[in-house]
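Shown below: model30.txt, with compact mmCIF, C-alpha atoms.
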# COMPACT_ATOMS: atom_id res chain seq x y z
CA MET A 1 -23.55 14.85 -12.65
CA ILE A 2 -21.46 11.76 -13.37
CA LEU A 3 -22.55 8.23 -12.54
CA LEU A 4 -19.90 5.51 -12.51
CA LYS A 5 -22.10 2.51 -13.11
CA ASN A 6 -21.54 -1.05 -11.84
CA CYS A 7 -17.88 -0.68 -10.91
CA PHE A 8 -16.02 -3.98 -11.06
CA TYR A 9 -14.36 -3.09 -7.76
CA VAL A 10 -14.13 0.07 -5.66
CA ALA A 11 -11.04 0.18 -3.45
CA THR A 12 -12.13 2.63 -0.78
CA PHE A 13 -8.85 2.86 1.21
CA ASN A 14 -10.94 3.55 4.29
CA ASP A 15 -9.95 2.37 7.78
CA ARG A 16 -11.57 -1.02 7.16
CA GLU A 17 -9.95 -1.32 3.72
CA ASP A 18 -13.35 -2.10 2.20
CA GLU A 19 -13.43 -3.32 -1.40
CA LEU A 20 -16.88 -2.96 -2.94
CA LYS A 21 -17.98 -5.07 -5.90
CA ASN A 22 -20.61 -3.97 -8.44
CA HIS A 23 -21.25 -0.60 -6.80
CA ASP A 24 -22.17 2.71 -8.40
CA ILE A 25 -20.55 6.06 -7.60
CA LEU A 26 -22.57 9.27 -8.01
CA ILE A 27 -20.56 12.49 -8.44
CA ARG A 28 -22.30 15.85 -8.17
CA GLU A 29 -20.42 19.13 -8.65
CA ASN A 30 -17.05 17.34 -8.42
CA VAL A 31 -17.89 15.74 -5.07
CA ILE A 32 -18.72 12.07 -4.47
CA GLU A 33 -22.29 12.15 -3.22
CA LYS A 34 -23.09 8.47 -2.92
CA ILE A 35 -21.56 4.99 -3.25
CA ALA A 36 -24.08 2.17 -3.38
CA PRO A 37 -25.31 -0.72 -5.52
CA ALA A 38 -27.72 0.19 -8.32
CA ILE A 39 -28.14 3.92 -7.69
CA GLN A 40 -31.43 5.15 -9.18
CA LEU A 41 -31.94 8.67 -10.56
CA PHE A 42 -35.10 10.51 -11.52
CA PRO A 43 -35.59 10.77 -15.31
CA GLN A 44 -34.88 14.51 -15.23
CA GLU A 45 -31.62 13.92 -13.35
CA LEU A 46 -30.62 11.16 -15.74
CA MET A 47 -30.97 13.52 -18.70
CA ASN A 48 -28.22 15.72 -17.22
CA THR A 49 -25.94 12.89 -16.08
CA GLU A 50 -22.97 11.31 -17.83
CA VAL A 51 -23.21 7.57 -17.22
CA ILE A 52 -19.97 5.60 -17.52
CA ASP A 53 -19.94 1.81 -17.64
CA CYS A 54 -17.27 0.75 -15.14
CA SER A 55 -18.05 -2.98 -15.09
CA ARG A 56 -14.49 -3.73 -16.25
CA PHE A 57 -12.68 -1.16 -14.13
CA LEU A 58 -11.12 -0.94 -10.68
CA VAL A 59 -11.92 2.47 -9.16
CA ILE A 60 -9.55 4.00 -6.60
CA PRO A 61 -9.31 7.41 -4.94
CA GLY A 62 -7.25 10.02 -6.75
CA MET A 63 -3.55 9.73 -5.98
CA ILE A 64 -1.50 12.55 -4.47
CA ASN A 65 1.81 13.54 -6.06
CA THR A 66 4.11 14.86 -3.32
CA HIS A 67 7.18 15.89 -5.35
CA HIS A 68 7.43 17.69 -8.67
CA HIS A 69 9.29 20.42 -10.55
CA LEU A 70 6.70 21.15 -13.21
CA PHE A 71 8.84 23.58 -15.21
CA GLN A 72 11.16 20.69 -16.07
CA THR A 73 8.48 19.10 -18.27
CA LEU A 74 9.57 21.49 -21.05
CA THR A 75 13.16 20.25 -21.22
CA ARG A 76 12.76 16.51 -21.53
CA ASN A 77 14.68 14.64 -24.20
CA LEU A 78 17.30 17.30 -24.82
CA PRO A 79 20.26 15.35 -26.25
CA GLY A 80 22.86 17.07 -24.09
CA ALA A 81 21.08 16.08 -20.88
CA GLN A 82 20.49 12.40 -21.63
CA ASN A 83 22.19 9.78 -19.46
CA ALA A 84 23.97 12.51 -17.49
CA LYS A 85 24.78 12.34 -13.80
CA LEU A 86 22.72 14.64 -11.61
CA PHE A 87 25.13 17.56 -11.27
CA ASP A 88 26.11 17.44 -14.96
CA TRP A 89 22.41 17.34 -15.86
CA LEU A 90 21.71 20.39 -13.71
CA VAL A 91 24.66 22.39 -15.02
CA TYR A 92 23.53 21.74 -18.60
CA LEU A 93 19.92 22.73 -17.97
CA TYR A 94 20.27 25.69 -15.59
CA PRO A 95 21.04 28.18 -18.42
CA ILE A 96 18.00 26.93 -20.37
CA TRP A 97 15.70 27.14 -17.36
CA GLY A 98 17.10 30.61 -16.72
CA ARG A 99 15.35 31.86 -19.87
CA MET A 100 11.87 30.81 -18.70
CA ASP A 101 9.15 33.41 -19.11
CA GLU A 102 5.52 33.63 -18.03
CA GLU A 103 4.34 31.50 -20.96
CA ALA A 104 6.82 28.74 -20.13
CA ILE A 105 5.69 28.62 -16.50
CA TYR A 106 2.02 28.55 -17.50
CA TYR A 107 2.27 25.80 -20.08
CA SER A 108 4.69 23.62 -18.13
CA THR A 109 2.28 23.70 -15.19
CA LEU A 110 -0.67 22.97 -17.48
CA LEU A 111 1.17 20.10 -19.20
CA GLY A 112 2.43 18.51 -15.99
CA SER A 113 -1.00 18.79 -14.35
CA ALA A 114 -2.72 17.19 -17.33
CA GLU A 115 -0.23 14.31 -17.35
CA LEU A 116 -0.85 13.68 -13.66
CA LEU A 117 -4.62 13.72 -14.11
CA LYS A 118 -4.39 11.25 -17.00
CA THR A 119 -2.39 8.84 -14.84
CA GLY A 120 -4.54 8.97 -11.71
CA ALA A 121 -3.19 11.84 -9.58
CA THR A 122 -5.82 14.44 -8.69
CA THR A 123 -3.68 16.46 -6.26
CA THR A 124 -0.13 17.68 -6.74
CA THR A 125 2.46 19.85 -5.14
CA ASP A 126 5.25 21.65 -6.99
CA GLN A 127 8.59 22.84 -5.70
CA MET A 128 9.52 25.91 -7.69
CA TYR A 129 13.04 26.86 -6.69
CA LEU A 130 14.40 28.65 -9.77
CA TYR A 131 13.63 32.36 -10.09
CA PRO A 132 15.46 33.98 -13.05
CA GLU A 133 16.38 37.61 -12.40
CA ASP A 134 14.63 38.72 -15.61
CA PHE A 135 11.33 37.07 -14.63
CA LYS A 136 8.94 39.84 -13.65
CA GLY A 137 5.59 38.04 -13.24
CA ASP A 138 3.96 36.39 -10.24
CA MET A 139 5.27 32.87 -10.77
CA MET A 140 3.04 31.21 -8.20
CA GLY A 141 -0.02 33.12 -9.39
CA ILE A 142 0.63 31.90 -12.96
CA GLN A 143 0.91 28.34 -11.71
CA PHE A 144 -2.38 28.56 -9.83
CA GLU A 145 -4.08 29.83 -12.98
CA ALA A 146 -2.76 26.93 -15.08
CA ALA A 147 -3.57 24.32 -12.43
CA ALA A 148 -7.13 25.65 -12.15
CA ARG A 149 -7.55 25.34 -15.91
CA ALA A 150 -6.35 21.73 -15.78
CA GLY A 151 -8.71 20.98 -12.90
CA ILE A 152 -6.15 19.54 -10.49
CA ARG A 153 -5.95 20.30 -6.77
CA PHE A 154 -2.74 22.26 -6.46
CA SER A 155 -0.58 22.86 -3.38
CA PRO A 156 2.73 24.41 -4.50
CA SER A 157 5.72 25.28 -2.35
CA ARG A 158 8.08 28.24 -2.50
CA GLY A 159 11.58 26.85 -2.94
CA SER A 160 14.79 28.81 -3.28
CA MET A 161 18.41 28.90 -4.41
CA THR A 162 20.82 31.43 -2.92
CA ARG A 163 24.23 30.05 -3.86
CA GLY A 164 25.37 30.73 -7.41
CA GLU A 165 28.56 30.04 -9.35
CA SER A 166 30.35 33.05 -7.90
CA ASP A 167 29.85 31.47 -4.46
CA ARG A 168 31.03 28.03 -5.66
CA GLY A 169 27.48 26.81 -6.25
CA LEU A 170 26.12 24.94 -9.27
CA PRO A 171 23.57 27.38 -10.76
CA PRO A 172 24.47 30.53 -12.70
CA ASP A 173 24.15 33.68 -10.61
CA HIS A 174 21.23 34.98 -12.66
CA VAL A 175 18.91 32.18 -11.49
CA VAL A 176 19.57 32.52 -7.76
CA GLN A 177 18.36 35.12 -5.26
CA ASN A 178 19.91 36.62 -2.19
CA THR A 179 18.66 35.55 1.22
CA GLU A 180 16.71 38.74 1.79
CA GLU A 181 14.81 38.37 -1.52
CA VAL A 182 13.91 34.79 -0.69
CA ILE A 183 12.66 35.57 2.80
CA ARG A 184 10.68 38.57 1.57
CA ASP A 185 8.86 36.47 -1.03
CA MET A 186 8.35 33.59 1.37
CA VAL A 187 6.55 36.02 3.66
CA ARG A 188 4.53 37.35 0.71
CA VAL A 189 3.25 33.97 -0.45
CA GLN A 190 2.06 33.18 3.05
CA THR A 191 -0.43 36.04 2.69
CA LEU A 192 -1.76 35.09 -0.75
CA PRO A 193 -5.50 34.32 -0.91
CA CYS A 194 -4.75 30.92 -2.48
CA MET A 195 -7.76 28.66 -2.64
CA ILE A 196 -8.63 25.34 -4.19
CA CYS A 197 -12.21 24.85 -5.27
CA LEU A 198 -13.73 21.48 -4.41
CA ASN A 199 -17.16 22.34 -5.76
CA SER A 200 -19.32 25.37 -6.34
CA SER A 201 -19.82 26.02 -2.64
CA THR A 202 -16.73 24.59 -0.91
CA ARG A 203 -13.27 26.11 -0.97
CA VAL A 204 -10.18 25.19 0.99
CA ARG A 205 -7.57 27.74 2.07
CA LEU A 206 -4.01 26.75 1.22
CA LYS A 207 -0.93 27.46 3.30
CA ILE A 208 2.13 27.61 1.06
CA PRO A 209 4.90 25.35 2.44
CA LEU A 210 8.55 26.38 2.40
CA PRO A 211 10.64 23.36 1.31
CA PRO A 212 14.34 22.72 1.95
CA SER A 213 17.00 23.15 -0.71
CA PHE A 214 20.01 20.89 -1.16
CA PHE A 215 23.57 21.72 -0.14
CA GLN A 216 25.03 22.90 -3.45
CA VAL A 217 22.53 25.73 -3.98
CA ILE A 218 22.00 27.20 -0.53
CA THR A 219 24.34 29.42 1.45
CA MET A 220 25.86 28.47 4.78
CA LYS A 221 24.35 31.63 6.27
CA ARG A 222 20.86 30.45 5.30
CA ARG A 223 21.45 26.92 6.64
CA ILE A 224 22.60 28.27 10.00
CA ARG A 225 19.51 30.48 10.25
CA SER A 226 17.18 27.57 9.45

Before anything else, please render the file you have as C-alpha cells.
Amino acid sequence: MILLKNCFYVATFNDREDELKNHDILIRENVIEKIAPAIQLFPQELMNTEVIDCSRFLVIPGMINTHHHLFQTLTRNLPGAQNAKLFDWLVYLYPIWGRMDEEAIYYSTLLGSAELLKTGATTTTDQMYLYPEDFKGDMMGIQFEAAARAGIRFSPSRGSMTRGESDRGLPPDHVVQNTEEVIRDMVRVQTLPCMICLNSSTRVRLKIPLPPSFFQVITMKRRIRS
C-alpha cells in the first residue's frame, strides 16, 4: 500500500470542486481506497506501506493526454528538422520513420509513457498512423506491452495514411497503405482482447478508436466513404 500523508491540499475535481487541506490518501493495489484526515493503519499494515510526506505538496488526479504520436519521441533534436515548417518537417522525417522496427516502436512507447507519468499524466492515447511496408510485427500489441511495463493506462487509436508521393501526397509510398489494408486492420483491432488493468481484480475492456487523418495523406476515395 501507499499512504500519502498530510497532503497540503487535495484538489478533488469533483462536482463540488472540493479542496481538502491536511488530508491523507490511502492507495491499495493501485486504487484510491480512502481520503480522510489522519488515516490510521494497523501495525502489520504499516509495515507493508510506503508512507510519503505530502505536507508540502498539492495532490491532483492524474491527467489524461488526448493526443500523441509516441514514435516521434525517437527523432527529437535532429538538426535537419529544427525550426522547419510542418510539411518540411514531415517530409524530412518520413524516410527516417519509415525504417522503424519492433524495437523502435517498443522503446518509443516506453519512453513517451514514462515521460508522461513523470509529468502527471496517468492515461494516454496514441495515434499511430505510419505503417512501413517492411514492418511485420503487431504494432499495437507491441505498444500495449510497452505501456503495461511503464504502468500507464493506455488507449491507442489506429490511424492511417493512404496517399503517398505517387498520388501527390507527402509521405513516401513505402509508409502508406491502400484503403483495403487499412480497413482490414481497423476491423482486426476492434476484435483485440485489449485490456487495461486497474488493480489485481479489476480490468477495463478497451475499444480502439479510429481517428481522422489530414488532407495531404488520405485519398479522396477514402474521404468520400467516411

Contacts of stretch 130-138 of chain A at 6 Å (all atoms listed in the file; same-chain gap of 2+ positions) as a PyMOL selection string:
chain A and resi 98+128+140-141+174-175

With all atoms listed in the file as the atoms that count, which of A:Arg76, A:Asp101, A:Arg153, A:Leu110 lies nearest to A:Trp89?
A:Arg76

Just to confirm, what's the straight-line distance from atom CA of A:Leu93 to atom CA of A:Phe144 in Å (one decimal)?
24.4 Å

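Going from atom CA of A:Met47 to atom CA of A:Ile27 covers 14.7 Å.
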
If we draw a sphere of 10 Å around (8.6, 14.1, -2.9), which residues have at least one atom in it when counting only C-alpha atoms? Please report them as number ranges by chain.
A: 65-69, 125-127

Create the file for the chosen residues now, containing C-alpha atoms and written as an mmCIF file, keeping the file's coordinate frame.
data_model
loop_
_atom_site.group_PDB
_atom_site.id
_atom_site.type_symbol
_atom_site.label_atom_id
_atom_site.label_comp_id
_atom_site.auth_asym_id
_atom_site.auth_seq_id
_atom_site.Cartn_x
_atom_site.Cartn_y
_atom_site.Cartn_z
ATOM 1 C CA ASN A 65 1.810 13.540 -6.060
ATOM 2 C CA THR A 66 4.110 14.860 -3.320
ATOM 3 C CA HIS A 67 7.180 15.890 -5.350
ATOM 4 C CA HIS A 68 7.430 17.690 -8.670
ATOM 5 C CA HIS A 69 9.290 20.420 -10.550
ATOM 6 C CA THR A 125 2.460 19.850 -5.140
ATOM 7 C CA ASP A 126 5.250 21.650 -6.990
ATOM 8 C CA GLN A 127 8.590 22.840 -5.700
#

I'd like the contact shell of A:Asn178 - 9 Å cut-off, only C-alpha atoms, skipping same-chain residues fewer than 5 positions apart - returned as a PyMOL selection string.
chain A and resi 161-163+183

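Residues in contact with A:Glu115 at up to 12 Å, not including ones fewer than 6 positions away on its chain and judged by all atoms listed in the file, are Asn65, Leu70, Thr73, Ser108, Thr109, Ala121, Thr122, Thr123, Thr124, Ala147, Ala150, Gly151 and Ile152 of chain A.
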
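Pairwise distance (atom CA of A:Val189, atom CA of A:Phe154) equals 14.5 Å.
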
Residues within 10 Å of A:Asn6, only C-alpha atoms, excluding chain neighbours under 4 positions, as a PyMOL selection string
chain A and resi 10+21-25+36-39+52-57

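Excluding A:Glu102 itself and any same-chain residue fewer than 2 positions from it, the protein and nucleic acid residues within 8 Å of it, counting only C-alpha atoms, are Met100, Ala104, Ile105, Tyr106, Phe135, Gly137, Met139 and Ile142 of chain A.
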
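Considering the residues A:Val187, A:Val59, A:Val91, A:Val31 and counting only C-alpha atoms, A:Leu210 has its shortest atom-to-atom contact with A:Val187.
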
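Each of A:Leu117, A:Leu41, A:Ala11, A:Val51 was compared to A:Ile64 using only C-alpha atoms, and A:Leu117 turns out to be the nearest.
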
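With distances restricted to only C-alpha atoms, A:Met63 is the closest residue to A:Phe13 from A:Met63, A:Gly169, A:Gln143, A:Gln72.
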
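When only C-alpha atoms are used to measure the gap to A:Glu17, the shortest distance among A:Asn30, A:Ile60, A:Leu46, A:Tyr107 belongs to A:Ile60.
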
Kindly list the centre and edge lengths in Å, rounded to one decimal, for the axis-aligned box that covers all listed atoms of stretch 122-139 of chain A plus 5 Å on each of its six sides, as JSON.
{"center_x": 5.3, "center_y": 27.1, "center_z": -10.4, "size_x": 32.2, "size_y": 35.4, "size_z": 20.5}
